[in-house]
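Okay, work-v8.txt is below, compact mmCIF, C-alpha atoms:
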# COMPACT_ATOMS: atom_id res chain seq x y z
CA MET A 1 60.10 56.54 -4.65
CA HIS A 2 58.59 55.30 -1.40
CA PRO A 3 55.14 53.70 -1.04
CA ALA A 4 52.67 55.06 1.45
CA VAL A 5 51.85 53.13 4.61
CA PRO A 6 49.20 50.43 3.86
CA SER A 7 45.78 51.94 4.18
CA HIS A 8 43.69 51.61 7.34
CA PHE A 9 40.51 53.62 7.17
CA GLU A 10 36.75 53.65 7.19
CA LEU A 11 34.86 54.95 4.18
CA GLN A 12 32.67 57.88 5.16
CA PRO A 13 30.57 59.70 2.54
CA ARG A 14 30.55 63.49 2.50
CA ALA A 15 27.80 64.84 4.76
CA ASP A 16 26.62 67.47 2.28
CA GLY A 17 26.74 64.99 -0.58
CA ALA A 18 24.75 62.41 1.38
CA ALA A 19 22.10 65.01 2.23
CA THR A 20 21.90 66.02 -1.44
CA ILE A 21 21.48 62.40 -2.55
CA LEU A 22 18.74 61.84 0.02
CA ARG A 23 16.93 64.88 -1.32
CA LEU A 24 17.30 63.75 -4.94
CA LEU A 25 16.08 60.25 -4.08
CA SER A 26 12.94 61.59 -2.41
CA ALA A 27 11.43 62.24 -5.85
CA SER A 28 8.98 59.67 -7.17
CA SER A 29 11.27 59.17 -10.18
CA PRO A 30 14.86 59.98 -9.12
CA ASN A 31 17.06 61.82 -11.57
CA TRP A 32 19.78 59.15 -11.67
CA PRO A 33 22.25 61.19 -13.76
CA GLU A 34 22.17 63.93 -11.07
CA VAL A 35 22.61 61.35 -8.30
CA ALA A 36 25.56 59.85 -10.20
CA LEU A 37 27.09 63.32 -10.54
CA VAL A 38 27.05 63.77 -6.76
CA VAL A 39 28.46 60.28 -6.19
CA ALA A 40 31.26 60.95 -8.68
CA ARG A 41 32.46 63.79 -6.41
CA ASP A 42 32.45 61.61 -3.31
CA PRO A 43 35.60 59.50 -2.78
CA ALA A 44 33.92 56.99 -0.43
CA LEU A 45 30.70 56.40 -2.38
CA SER A 46 32.39 56.13 -5.78
CA LEU A 47 34.93 53.63 -4.45
CA ALA A 48 32.26 51.57 -2.66
CA LEU A 49 30.14 51.26 -5.81
CA LEU A 50 33.09 50.09 -7.92
CA VAL A 51 34.10 47.58 -5.24
CA ALA A 52 30.51 46.28 -5.19
CA GLN A 53 30.37 45.83 -8.96
CA PRO A 54 33.81 45.83 -10.59
CA LEU A 55 34.23 47.42 -13.99
CA ALA A 56 33.80 45.24 -17.03
CA GLU A 57 36.58 45.42 -19.62
CA GLY A 58 36.38 48.75 -21.42
CA GLU A 59 33.33 49.90 -19.43
CA LEU A 60 34.97 53.08 -18.15
CA ALA A 61 35.13 54.29 -21.75
CA ASP A 62 31.40 55.03 -21.39
CA GLY A 63 32.26 57.67 -18.79
CA LEU A 64 32.47 57.54 -15.00
CA ASN A 65 29.02 59.10 -14.48
CA THR A 66 27.40 56.47 -16.72
CA VAL A 67 29.23 53.67 -14.92
CA LEU A 68 28.10 54.92 -11.51
CA ARG A 69 24.53 55.49 -12.69
CA ARG A 70 24.21 51.84 -13.74
CA ARG A 71 25.23 50.68 -10.27
CA LEU A 72 22.99 53.16 -8.50
CA GLU A 73 19.95 52.08 -10.52
CA ARG A 74 20.74 48.43 -9.82
CA ILE A 75 20.83 49.07 -6.06
CA GLY A 76 17.65 51.17 -6.11
CA SER A 77 16.58 54.31 -4.30
CA ASP A 78 15.13 52.67 -1.17
CA LEU A 79 18.31 50.78 -0.34
CA LEU A 80 20.50 53.81 -1.01
CA ARG A 81 18.38 55.96 1.27
CA ALA A 82 18.47 53.32 4.01
CA TRP A 83 22.29 53.17 3.88
CA LEU A 84 22.74 56.92 3.97
CA LEU A 85 20.32 57.25 6.88
CA GLY A 86 22.06 54.44 8.74
CA LEU A 87 25.60 55.71 8.24
CA GLY A 88 25.12 58.91 10.20
CA SER A 89 28.12 61.21 10.59
CA ARG A 90 31.58 60.03 11.58
CA ALA A 91 35.03 61.45 11.01
CA SER A 92 36.18 60.94 7.44
CA ALA A 93 39.47 59.23 6.68
CA ILE A 94 40.16 61.16 3.51
CA GLY A 95 43.46 62.93 3.93
CA ALA A 96 42.29 66.40 2.91
CA ALA A 97 39.22 68.60 2.88
CA PRO A 98 36.51 67.23 0.55
CA ASP A 99 36.63 70.27 -1.74
CA HIS A 100 40.38 69.82 -2.09
CA ALA A 101 39.87 66.19 -3.14
CA LEU A 102 37.49 67.37 -5.88
CA LEU A 103 39.92 70.11 -6.94
CA ARG A 104 42.72 67.55 -7.18
CA ALA A 105 40.49 65.20 -9.19
CA GLU A 106 39.50 67.94 -11.63
CA CYS A 107 43.15 68.94 -12.01
CA ALA A 108 44.06 65.33 -12.85
CA LEU A 109 41.18 65.03 -15.32
CA HIS A 110 42.01 68.25 -17.18
CA LEU A 111 45.74 67.54 -17.22
CA ALA A 112 44.97 64.11 -18.70
CA MET A 113 42.76 65.59 -21.41
CA GLU A 114 45.21 68.38 -22.18
CA THR A 115 48.15 65.97 -22.51
CA GLY A 116 46.20 63.38 -24.49
CA TYR A 117 46.27 60.66 -21.82
CA ALA A 118 44.11 57.82 -23.15
CA ARG A 119 42.07 57.16 -19.98
CA PRO A 120 41.19 60.52 -18.37
CA ASP A 121 38.57 59.06 -16.00
CA GLU A 122 41.29 56.92 -14.41
CA ALA A 123 43.28 60.10 -13.82
CA TYR A 124 40.19 61.68 -12.22
CA LEU A 125 39.81 58.73 -9.83
CA ALA A 126 43.51 58.87 -9.00
CA GLY A 127 43.04 62.49 -7.94
CA LEU A 128 39.77 61.86 -6.09
CA TRP A 129 41.04 58.83 -4.16
CA ARG A 130 44.59 60.08 -3.58
CA GLY A 131 43.64 61.26 -0.09
CA PHE A 132 42.95 57.71 1.08
CA GLY A 133 46.65 56.96 0.82
CA THR A 134 47.81 60.22 2.40
CA GLY A 135 45.19 59.98 5.14
CA ALA A 136 46.48 56.57 6.15
CA ARG A 137 50.15 57.51 6.50
CA GLY A 138 51.37 57.39 10.04
CA ARG A 139 48.35 55.42 11.34
CA SER A 140 49.50 51.83 11.61
CA GLY A 141 46.65 50.52 13.80
CA THR A 142 46.80 47.47 16.07
CA SER A 143 48.76 44.30 15.33
CA ALA A 144 45.48 42.60 14.36
CA ASP A 145 44.72 45.47 11.97
CA ARG A 146 48.13 45.13 10.34
CA ARG A 147 47.61 41.41 9.81
CA THR A 148 44.29 41.99 8.02
CA THR A 149 45.18 45.15 6.09
CA ARG A 150 44.95 44.92 2.32
CA PRO A 151 47.05 47.23 0.16
CA LEU A 152 45.04 49.99 -1.47
CA ALA A 153 46.47 48.90 -4.83
CA ASP A 154 44.82 45.47 -4.42
CA LEU A 155 41.48 47.11 -3.72
CA VAL A 156 41.81 49.22 -6.88
CA ARG A 157 42.48 46.12 -8.97
CA ASP A 158 39.43 44.49 -7.38
CA CYS A 159 37.44 47.39 -8.85
CA GLY A 160 38.60 46.32 -12.31
CA LEU A 161 41.07 49.19 -12.63
CA PRO A 162 44.69 48.89 -13.77
CA ALA A 163 47.67 48.51 -11.46
CA SER A 164 49.00 51.92 -12.49
CA LEU A 165 46.09 53.61 -10.70
CA GLY A 166 46.80 51.69 -7.50
CA ASP A 167 50.47 52.64 -7.77
CA ALA A 168 49.50 56.30 -8.13
CA LEU A 169 47.40 56.14 -4.96
CA GLU A 170 50.05 54.41 -2.87
CA LEU A 171 52.90 56.56 -4.11
CA GLY A 172 54.60 58.28 -1.20
CA THR A 173 57.52 60.69 -1.41
CA ALA A 174 59.13 60.76 -4.85
CA MET A 175 61.87 62.84 -6.39
CA GLU A 176 61.11 64.63 -9.62
CA GLU A 177 63.89 62.72 -11.40
CA GLN A 178 62.27 59.41 -10.45
CA LEU A 179 58.84 60.51 -11.64
CA LEU A 180 60.07 61.56 -15.07
CA GLY A 181 60.72 57.91 -15.91
CA ALA A 182 57.55 56.58 -14.24
CA HIS A 183 54.18 55.61 -15.71
CA PRO A 184 52.33 58.66 -17.17
CA LEU A 185 49.48 58.24 -14.66
CA LEU A 186 51.90 58.57 -11.74
CA ARG A 187 53.30 61.79 -13.20
CA LEU A 188 49.80 63.15 -13.85
CA SER A 189 48.70 62.25 -10.33
CA VAL A 190 51.60 64.08 -8.70
CA ALA A 191 51.30 67.02 -11.09
CA ALA A 192 47.59 67.30 -10.22
CA GLU A 193 48.40 67.23 -6.52
CA ARG A 194 50.91 70.04 -6.98
CA LEU A 195 48.47 72.04 -9.12
CA ALA A 196 45.73 71.72 -6.49
CA ASP A 197 47.97 72.96 -3.66
CA ASP A 198 47.77 76.54 -2.41
CA ASP A 199 51.34 77.24 -3.56
CA TRP A 200 50.76 75.94 -7.11
CA GLN A 201 52.08 79.12 -8.72
CA ALA A 202 55.45 78.67 -7.05
CA ARG A 203 55.64 75.10 -8.39
CA LEU A 204 54.65 75.75 -11.99
CA GLY A 205 58.11 74.82 -13.26
CA GLU A 206 58.01 71.40 -11.63
CA ILE A 207 54.42 70.78 -12.77
CA ALA A 208 55.32 71.76 -16.34
CA ARG A 209 58.22 69.29 -16.40
CA LEU A 210 56.04 66.49 -15.01
CA CYS A 211 53.20 66.85 -17.51
CA GLY A 212 54.93 68.48 -20.47
CA LEU A 213 52.65 71.54 -20.66
CA ALA A 214 53.82 75.14 -20.84
CA GLU A 215 53.50 77.29 -17.72
CA PRO A 216 51.04 79.78 -19.31
CA THR A 217 48.83 76.83 -20.32
CA LEU A 218 48.92 75.49 -16.77
CA THR A 219 48.04 78.90 -15.33
CA SER A 220 45.02 79.19 -17.61
CA LEU A 221 44.00 75.60 -16.89
CA ARG A 222 44.22 76.09 -13.13
CA THR A 223 42.11 79.23 -13.30
CA ASP A 224 39.43 77.41 -15.29
CA ILE A 225 39.45 74.44 -12.89
CA GLY A 226 39.08 76.72 -9.87
CA TYR A 227 36.04 78.27 -11.52
CA ILE A 228 34.54 74.86 -12.31
CA VAL A 229 34.98 73.55 -8.77
CA SER A 230 33.66 76.68 -7.07
CA GLY A 231 30.69 77.16 -9.38
CA HIS A 232 29.64 74.59 -11.93
CA ALA A 233 30.65 71.65 -9.74
CA ALA A 234 28.39 72.73 -6.88
CA TYR A 235 25.74 70.26 -5.75
CA PRO A 236 22.31 70.57 -7.40
CA PRO A 237 20.37 73.22 -5.41
CA PRO A 238 17.19 72.33 -3.52
CA ALA A 239 13.90 72.99 -5.26
CA THR A 240 12.17 76.23 -4.36
CA GLY A 241 10.17 75.84 -1.18
CA SER A 242 11.74 72.52 -0.20
CA THR A 243 12.83 71.81 3.36
CA ALA A 244 16.58 71.57 3.94
CA LEU A 245 17.84 68.22 5.22
CA GLU A 246 20.08 67.82 8.25
CA ALA A 247 23.56 67.40 6.80
CA ARG A 248 25.05 65.65 9.84
CA PRO A 249 22.68 63.20 11.53
CA PRO A 250 23.85 61.44 14.72
CA ALA A 251 26.37 58.67 14.15
CA SER A 252 24.40 56.03 16.06
CA LEU A 253 20.93 54.85 15.12
CA ALA A 254 20.28 54.33 18.82
CA ASP A 255 20.44 58.12 19.20
CA ASP A 256 17.64 58.63 16.69
CA PRO A 257 14.72 56.15 16.87
CA TYR A 258 12.84 57.97 14.10
CA ARG A 259 15.74 57.49 11.72
CA SER A 260 16.00 53.85 12.78
CA ALA A 261 12.32 53.28 11.99
CA GLY A 262 12.66 55.01 8.64
CA MET A 263 15.67 52.90 7.74
CA LEU A 264 13.77 49.69 8.56
CA GLY A 265 10.88 50.77 6.35
CA LEU A 266 13.21 51.57 3.45
CA LEU A 267 15.01 48.22 3.75
CA THR A 268 11.66 46.45 3.59
CA ALA A 269 10.53 48.50 0.59
CA ALA A 270 13.78 47.79 -1.26
CA PHE A 271 12.89 44.10 -1.68
CA VAL A 272 9.10 43.94 -1.50
CA ASP A 273 7.28 42.63 -4.60
CA LEU A 274 10.54 41.59 -6.30
CA GLU A 275 11.00 38.24 -8.01
CA ARG A 276 13.63 35.87 -6.66
CA GLU A 277 16.07 36.67 -9.48
CA GLU A 278 15.65 40.41 -8.89
CA ILE A 279 16.27 39.98 -5.15
CA GLU A 280 19.41 37.96 -5.82
CA ASP A 281 20.70 40.55 -8.30
CA ARG A 282 20.08 43.42 -5.88
CA LEU A 283 21.75 41.57 -3.02
CA ALA A 284 24.73 40.72 -5.24
CA ILE A 285 25.68 44.40 -5.40
CA ALA A 286 24.07 45.52 -2.13
CA CYS A 287 26.01 43.25 0.25
CA PRO A 288 29.56 44.27 -0.75
CA CYS A 289 28.63 47.94 -1.13
CA SER A 290 26.96 48.06 2.29
CA ALA A 291 29.85 46.18 3.89
CA CYS A 292 32.33 48.56 2.25
CA LEU A 293 30.58 51.57 3.77
CA ARG A 294 29.88 50.03 7.18
CA ARG A 295 33.25 48.38 7.87
CA ARG A 296 36.94 48.67 7.14
CA CYS A 297 36.55 45.73 4.78
CA CYS A 298 37.96 47.71 1.87
CA CYS A 299 41.30 46.88 3.40
CA ARG A 300 40.40 43.97 5.64
CA GLN A 301 39.02 40.47 5.13
CA MET A 302 35.71 39.82 6.81
CA ALA A 303 35.01 36.59 8.68
CA PRO A 304 34.54 33.44 6.52
CA GLY A 305 31.12 33.44 4.90
CA GLY A 306 30.78 37.23 4.91
CA TRP A 307 32.83 39.31 2.49
CA ARG A 308 34.30 36.24 0.81
CA ARG A 309 30.86 34.91 -0.02
CA CYS A 310 29.56 38.26 -1.32
CA CYS A 311 32.64 38.81 -3.49
CA ALA A 312 33.56 35.25 -4.41
CA CYS A 313 34.00 36.09 -8.06
CA ARG A 314 36.83 38.54 -8.51
CA PRO A 315 37.73 39.87 -11.98
CA ALA A 316 41.12 39.11 -13.41
CA HIS A 317 43.50 42.03 -12.93
CA PRO A 318 43.23 44.18 -16.04
CA PRO A 319 46.28 44.99 -18.12
CA ASP A 320 48.14 48.16 -17.23
Whole structure, structure tokens version:
Amino acid sequence: MHPAVPSHFELQPRADGAATILRLLSASSPNWPEVALVVARDPALSLALLVAQPLAEGELADGLNTVLRRRLERIGSDLLRAWLLGLGSRASAIGAAPDHALLRAECALHLAMETGYARPDEAYLAGLWRGFGTGARGRSGTSADRRTTRPLADLVRDCGLPASLGDALELGTAMEEQLLGAHPLLRLSVAAERLADDDWQARLGEIARLCGLAEPTLTSLRTDIGYIVSGHAAYPPPATGSTALEARPPASLADDPYRSAGMLGLLTAAFVDLEREEIEDRLAIACPCSACLRRRCCCRQMAPGGWRRCCACRPAHPPD
């Protein structure tokens, strides 16, 4: 087995997902479970939130959507809207089309549940984030970038997730014989990738050997997953009579003074009338999440006093 090239990318949320979140947050009382559902389908936003507030021991047992909802509510709607407005639209670094990332994640989740894997949400994240590793292969960056690059596996452990998930993301080319003796999550991750590919029917034998399920079961499972992703997993539709939002705003705030003014107002509203303790708590999650989305600091150290100060307290690496 060969590891992938160390990751070098910028996190960029999905344009349609960001527009949907902005619409959901425009309500006077946002439906946080729906917002969390959209974030759970977005590789960049889900990773940024878990970097900002690492998982407590056993917290993922409550479900990924619940975990993300807690972090979203802690950040607040005004700050989330300001970030999404400020990010604009840039090229994503995910190594496949967004819908394919979701298909791969759903394949991993359902394979995990069908095979009795104890932590199915970890399998889902392995499928959703797998593209970060594949998207980074072959892009080594400058010498300065290589000196400051952090392995994707380290970032995953910083989220409070086990080393096996990081290994699954950084796994490069592997022979089937090597995978059969590997950690179950690695086998599930590769099996999900194969099942999500266009030629999945031709690879049913290999997938069956990797996950231990019969080929007819896999065929039925893949059909169900395709239906889920194309239908039930669609973003919540706009309310009747609502105005559609621009899905791809300009990348630079300088190109859109109205958006710049709106972002400034939202940033002010995010902290107005809060007590000191509430401001400190919001900043404690806001700074690393914002930095994660605005920079390459998922894989790079920021200057002294920046990222280090925001994330001074790192959790101990959880057991595998």
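What separates CA of Thr20 (chain A) from CA of Cys287 (chain A) is a distance of 23.2 Å.
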note - CA of Leu204 (chain A) and CA of Cys107 (chain A) are separated by 13.4 Å
In terms of all atoms listed in the file, the residue from A:Pro30, A:Gly86, A:Pro43, A:Pro288 at minimal distance from Glu73 (chain A) is A:Pro30
Pick out the closest residue to Val39 (chain A) from this set: A:Asp62, A:Asp16, A:Glu114, A:Glu57. Count only C-alpha atoms.
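That would be A:Asp16, the residue with the smallest distance to Val39 (chain A).
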Shell around Leu185 (chain A) at 9 Å using only C-alpha atoms, local window under 4 positions removed, as a VMD selection string: chain A and resid 112 117 122 to 123 126 164 to 165 167 to 168 189 to 190
Saved selection, atoms kept: C-alpha atoms, as a PDB file, in the coordinates of the input:
ATOM      1  CA  ALA A 112      44.970  64.110 -18.700  1.00  0.00           C
ATOM      2  CA  TYR A 117      46.270  60.660 -21.820  1.00  0.00           C
ATOM      3  CA  GLU A 122      41.290  56.920 -14.410  1.00  0.00           C
ATOM      4  CA  ALA A 123      43.280  60.100 -13.820  1.00  0.00           C
ATOM      5  CA  ALA A 126      43.510  58.870  -9.000  1.00  0.00           C
ATOM      6  CA  SER A 164      49.000  51.920 -12.490  1.00  0.00           C
ATOM      7  CA  LEU A 165      46.090  53.610 -10.700  1.00  0.00           C
ATOM      8  CA  ASP A 167      50.470  52.640  -7.770  1.00  0.00           C
ATOM      9  CA  ALA A 168      49.500  56.300  -8.130  1.00  0.00           C
ATOM     10  CA  SER A 189      48.700  62.250 -10.330  1.00  0.00           C
ATOM     11  CA  VAL A 190      51.600  64.080  -8.700  1.00  0.00           C
TER      12      VAL A 190
END
Here CA of Leu111 (chain A) and CA of Ser230 (chain A) stand apart by 18.2 Å
| message | Here is a test: counting only C-alpha atoms, which residue of A:Arg194, A:His110, A:Arg74, A:Arg203 is nearest to Leu221 (chain A)? | response |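 Ranking A:Arg194, A:His110, A:Arg74, A:Arg203 by distance to Leu221 (chain A), first place goes to A:His110.
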